[in-house]
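Trainee: Provided herewith is a single structure, encoded as structure tokens, for subsequent inquiry.
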Amino acid sequence: MKHQDGMLYDTSHLFSDLDDIDTYSFALTFYSTVLDRRENQYLKVSEEVRDAVDSQKPIVALESAIYTHGFPYPENLALASELESLVRVNGGVPATIGIIDGVAKVGLTPEELIRLASSAGDPNTVKRYSGGTTIAGTMDLARRTFIQVFATGGLGGVHRGAESSMDISADLKALGCVPVAVISSGCKAFLDLPRTLEYLETQGVPVATFADGREGDVDFPAFWSRDSGLKSPAVVRDELEAARIIHAHFALQLQTGLHFANPIPIEASIPKEEMDLAIAQAIEEADAAGATGNANTPFILAKIKEITQSRSIPANRALIISNVVRATNVAKELKNLYQQDPQLEKKTSFLLQESYLGTSIPPSASDAQPKHIEKTAPLEPDIIVAGSLAMDTSCNHRPHSQKDMQDVAQYTSNPAIITQRPGGVGYNIAKAAHLLQVNTHLSTLVGADLPGQMLLTAVKSMGMATSRIIETSHKRTAQYVATNKLDNNLVVGMADMRIMEQGTTRRNESRWRTAFASSKRQWLAVDANWSAKTYLWWLICAKQSNCKVLAEPVSQAKAGRLINPDADEVVVYPNHLVHITTPNIMELQAMHRKALETGSLDQSSPWFAAVDFAAEGEIVSILERFSSSSLAEQGVPQIAIGLLPLIPCIITTLGPDGLLLAQIINKGDERLDDPEFQKHLVSAAEGVITNDAIGGVYMRLFGPAELVKDKDIVSVNGVGDTFAGALLAAMVTTGDPVEECVEFAQKAAVLSLKSEEAVSPELASLVPELMPRGKAVADTFIDRNYTV
């Protein structure tokens with residue numbers, strides 16, 4: 001630990017003999033003599049941290065020497081506040097550690113933070129016995145209170161010339177004997193990095209660097225620079241992988257710390273070549289000035305600031321912020337792993353709940369029965385939704401007066417009512433099904449940023465499962481901005497879905513795969529916001545799990561992914577990957593264009609004569625009977641039929657004109673004998689169908705559920721998503737085939753059309769209309785020899 005005058009207090013010797021003592025029996029003894037509430041004069045734990053331990057929340061330790069020795073006042077106080085806020089915003093509890101009046105404090109109050117920060121640089125503060133803890137001291141105190149993840153700026157190390165001076169940071173000794181995971185941006189670059197890594201290896205300390213989106217081997221970072229010229233001993237791809245390493249480390253009761261190096265964000269980094277020159281000059285001036293010992297580091301840092309024209313300061317700040325966010329996400333992943341490992345949780349929860357929190361008489365080792373709360377396993381979902389979760393911004397044009405009722409004007413500012421709400425195709429579908437009381441799990445990605453936390457909170461507040469919503473620290477949460485006309489119809493939508501389009505990790509996929517269960521009633525709803533590779537991965541998972549798929553095209557630009565999802569070959573009915581899709585006319589046409597470009601329609605031609613657009617007269621007139629003359633002239637029913645071998649049920653939404661349903665019906669299907677069903681059946685006898693395996697094509701034009709006046713239309717943004725979610729909810733709940741659930745889904749869509757929210761909360765009022773007839777009916781429905 002460092003006093004405010006720079007004096008070093010190293011407490012790591014208290015744990016130097018842990019190799020010879022069982023961790024848990026040692027802890028019992030230590031807690032009973034020092035941390036008992038009756039004599040707890042050396043260590044105080046804040047109520048917030050106590051509560052976090054009681055409720056098993058993720059906790060992140062933060063050092064305080066950075067405020068007393070790293071930044072001047074009041075910048076240090078602003079940084080302290082920001083770092084604690086970042087931990088909270090990202091779902092954790094901060095535990096800033098320091099010394100106040102000779103008492104170690106885990107979880108400083110705002111007043112204590114102000115006291116430490118305001119005394120930075122004051123040489124007289126030693127009289128107050130108050131100071132900031134460095135990495136070594138913070139690790140000690142974190143371990144005593146069983147905090148396992150610690151975020152800091154840069155690790156101390158072996159100084160240049162240490163073979164003569166023996167100047168080696170106590171941080172390295174602490175890592176060798178204090179089991180805490182330290183996340184930093186590597187070591188300060190003016191240290192001897194090769195010898196530092198060698199020292200850590202000698203101490204048996206696991207060292208790894210976050211890939212941060214990079215492939216293959218990566219460099220161990222050099223604080224201000226992402227690269228050091230030294231390959232990292234190991235690489236971790238994401239926070240879950242780091243958490244698994246920590247989890248295994250504690251499960252084996254290993255007694256060293258762990259170091260995870262997090263490279264400085266690209267936009268804040270300083271090139272290695274530039275820093276090498278600045279460091280060389282700073283070291284030369286330090287040698288000339290005789291700045292050695294504990295004066296060496298402050299002198300060099302000040303010179304580097306001067307040489308880089310203060311660029312090192314914002315870089316320093318940026319890397320600390322990045323490390324805190326990363327550490328919080330690691331702590332959350334670690335907590336999730338403990339919840340999945342009851343045996344390890346029994347040991348840790350006993351220490352947390354009974355020991356350091358200060359029971360009046362600590363139990364003896366023989367009486368210490370681990371306490372474990374049985375957790376109810378989450379219900380298997382009937383619907384898995386894999387799609388976007390985004391922050392939606394709606395800009396609805398609203399003129400100031402009746403005299404100014406022209407529509408949206410280009411190239412200038414327009415008066416509007418702007419609202420922000422949770423959205424995204426995946427979220428909207430999941431919300432619709434959830435409101436209709438169907439067990440639904442949303443699988444998606446969000447960034448470790450404020451919009452991501454707001455969205456997670458929104459999902460939780462609805463009572464939906466969030467276990468498969470994965471936070472990723474190096475990507476931004478998806479966002480969508482819609483500009484709407486006076487009639488609330490869309491003028492233009494702008495979507496930033498890069499988090500979905502840049503692919504996913506194997507760790508993420510492994511976590512998502514657990515959502516697939518054996519339930520025959522299970523569906524996957526997947527949207528085309530994913531990259532083609534990830535979209536195909538979802539389809540293959542569903543196929544392997546006998547899970548049926550509804551695919552939402554999302555937009556004209558992305559609809560083509562439904563036709564040729566990066567597969568090696570075109571897969572057609574009955575081996576199709578997608579069972580239902582719900583495009584609008586423009587998306588349907590985009591799918592058709594992609595089918596032509598890729599040759600996918602070559603697989604459809606032997607099935608249907610309607611694929612031949614040169615066909616005139618008889619086939620067109622036949623399709624007019626099952627749709628409308630307008631649709632037949634546009635080729636809508638022809639396109640739908642042509643695509644059926646690829647996706648055997650296509651529901652083309654027509655806005656205020658209703659929708660067109662087209663689906664393949666196999667020979668032998670009992671519905672073929674139903675006179676009402678036959679009214680909508682295009683049969684082989686009419687010359688449209690040329691494949692003997694097909695009993696017919698069911699084509700039916702559904703009119704609008706309700707003629708909604710323009711003045712009653714509030715938003716069109718989530719209407720299609722509501723339809724898709726309600727359709728799946730109806731099929732899962734009732735066991736009815738798709739054509740019998742369409743009108744219910746239309747009714748749900750109308751509610752969203754009249755709602756300010758993308759998915760109307762009033763969907764819950766439709767639940768009584770879903771009359772489940774029991775599992776036997778549902779199983780019979782699934783086992784029928786037809787698509788949906």
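In the structure tokens, chains take the letters A, B, ... in the order shown, each chain's residues start at 1, and ligands count up from 1 in the order shown.
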I want to know what sits within 12 Å of A:Glu597, based on only C-alpha atoms, with residues of the same chain fewer than 4 positions away left out; could you give that as a list in words?
Mentor: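 Selected residues are Gly560, Ile563, Asn564, Ala590, Met591, His592, Arg593, Leu601 and Asp602 of chain A.
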Trainee: Since we have the selection now, will you write its residues out, keeping C-alpha atoms, as a PDB file, in the first residue's frame?
Mentor:
```pdb
ATOM      1  CA  GLY A 560     -31.516 -12.745 -49.598  1.00  0.00           C
ATOM      2  CA  ILE A 563     -32.517 -18.102 -49.705  1.00  0.00           C
ATOM      3  CA  ASN A 564     -28.831 -18.899 -49.716  1.00  0.00           C
ATOM      4  CA  ALA A 590     -35.445  -9.430 -53.049  1.00  0.00           C
ATOM      5  CA  MET A 591     -35.531 -13.102 -52.094  1.00  0.00           C
ATOM      6  CA  HIS A 592     -36.544 -13.951 -55.651  1.00  0.00           C
ATOM      7  CA  ARG A 593     -33.683 -11.922 -57.115  1.00  0.00           C
ATOM      8  CA  LEU A 601     -34.592 -21.411 -58.610  1.00  0.00           C
ATOM      9  CA  ASP A 602     -33.160 -24.152 -60.799  1.00  0.00           C
TER      10      ASP A 602
END
```
Trainee: Neighbouring residues of A:Gly503 were defined as those with any atom within 8 Å, considering only C-alpha atoms; residues of the same chain fewer than 2 positions away were excluded. Please report them as a list in words.
Mentor: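 Residues meeting the cut-off are Ile499, Met500, Glu501, Thr505, Trp530, Ser531, Lys533 and Thr534 of chain A.
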Trainee: Which residue gives the smallest distance to A:Ala181 among A:Phe250, A:Phe723, A:Trp224, A:Tyr67, with only C-alpha atoms counted?
Mentor: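 For A:Ala181, the nearest of the given residues is A:Phe250.
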Trainee: From the set A:Val106, A:Val491, A:Leu240, A:Leu79, which residue has the shortest atom-to-atom contact distance to A:Thr472, counting only C-alpha atoms?
Mentor: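 Between A:Val106, A:Val491, A:Leu240, A:Leu79, the residue approaching A:Thr472 most closely is A:Leu240.
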Trainee: I'd like the neighbourhood of stretch 463-466 of chain A as a list in words, where a residue qualifies if any of its atoms comes within 8 Å (using only C-alpha atoms), though same-chain residues fewer than 3 positions away should be ignored.
Mentor: His434, Thr440, His441, Leu442, Leu456, Val459, Lys460 and Ile469 of chain A
Trainee: Between atom CA of A:Val218 and atom CA of A:Lys231, measure the distance and give it in Å to one decimal.
Mentor: 5.8 Å
Trainee: In terms of the shortest atom-to-atom distance over only C-alpha atoms, which of A:Glu274, A:Glu587, A:Asp487, A:Asp101 is closest to A:His397?
Mentor: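 Using only C-alpha atoms, A:His397 sits closest to A:Asp487.
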Trainee: Quick one: residues within 12 Å of A:Asp51, only C-alpha atoms, excluding same-chain residues fewer than 4 positions away - as a list of chain:residue names?
Mentor: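 Counting only the stated atoms, we get A:Val45, A:Ser46, A:Glu47, A:Ser55, A:Gln56, A:Lys57, A:Pro58, A:Ile59, A:Val93, A:Pro94, A:Ala95, A:Gly107, A:Leu352, A:Gln353, A:Leu357.
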Trainee: What does the file look like for those residues with C-alpha atoms, as an mmCIF file, in the first residue's frame?
Mentor:
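The new file result12.cif reads:
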```
data_model
loop_
_atom_site.group_PDB
_atom_site.id
_atom_site.type_symbol
_atom_site.label_atom_id
_atom_site.label_comp_id
_atom_site.auth_asym_id
_atom_site.auth_seq_id
_atom_site.Cartn_x
_atom_site.Cartn_y
_atom_site.Cartn_z
ATOM 1 C CA VAL A 45 -16.471 -3.430 4.708
ATOM 2 C CA SER A 46 -19.090 -1.049 3.361
ATOM 3 C CA GLU A 47 -22.759 -1.930 3.537
ATOM 4 C CA SER A 55 -26.978 -11.423 -2.695
ATOM 5 C CA GLN A 56 -24.041 -12.876 -4.657
ATOM 6 C CA LYS A 57 -23.689 -9.981 -7.082
ATOM 7 C CA PRO A 58 -20.544 -9.524 -9.209
ATOM 8 C CA ILE A 59 -18.039 -7.322 -7.348
ATOM 9 C CA VAL A 93 -20.804 -3.515 -7.569
ATOM 10 C CA PRO A 94 -17.626 -1.409 -7.166
ATOM 11 C CA ALA A 95 -15.386 -1.918 -4.145
ATOM 12 C CA GLY A 107 -15.877 0.046 -0.417
ATOM 13 C CA LEU A 352 -18.791 -15.087 2.162
ATOM 14 C CA GLN A 353 -21.892 -15.448 4.278
ATOM 15 C CA LEU A 357 -19.070 -10.406 7.382
#
```
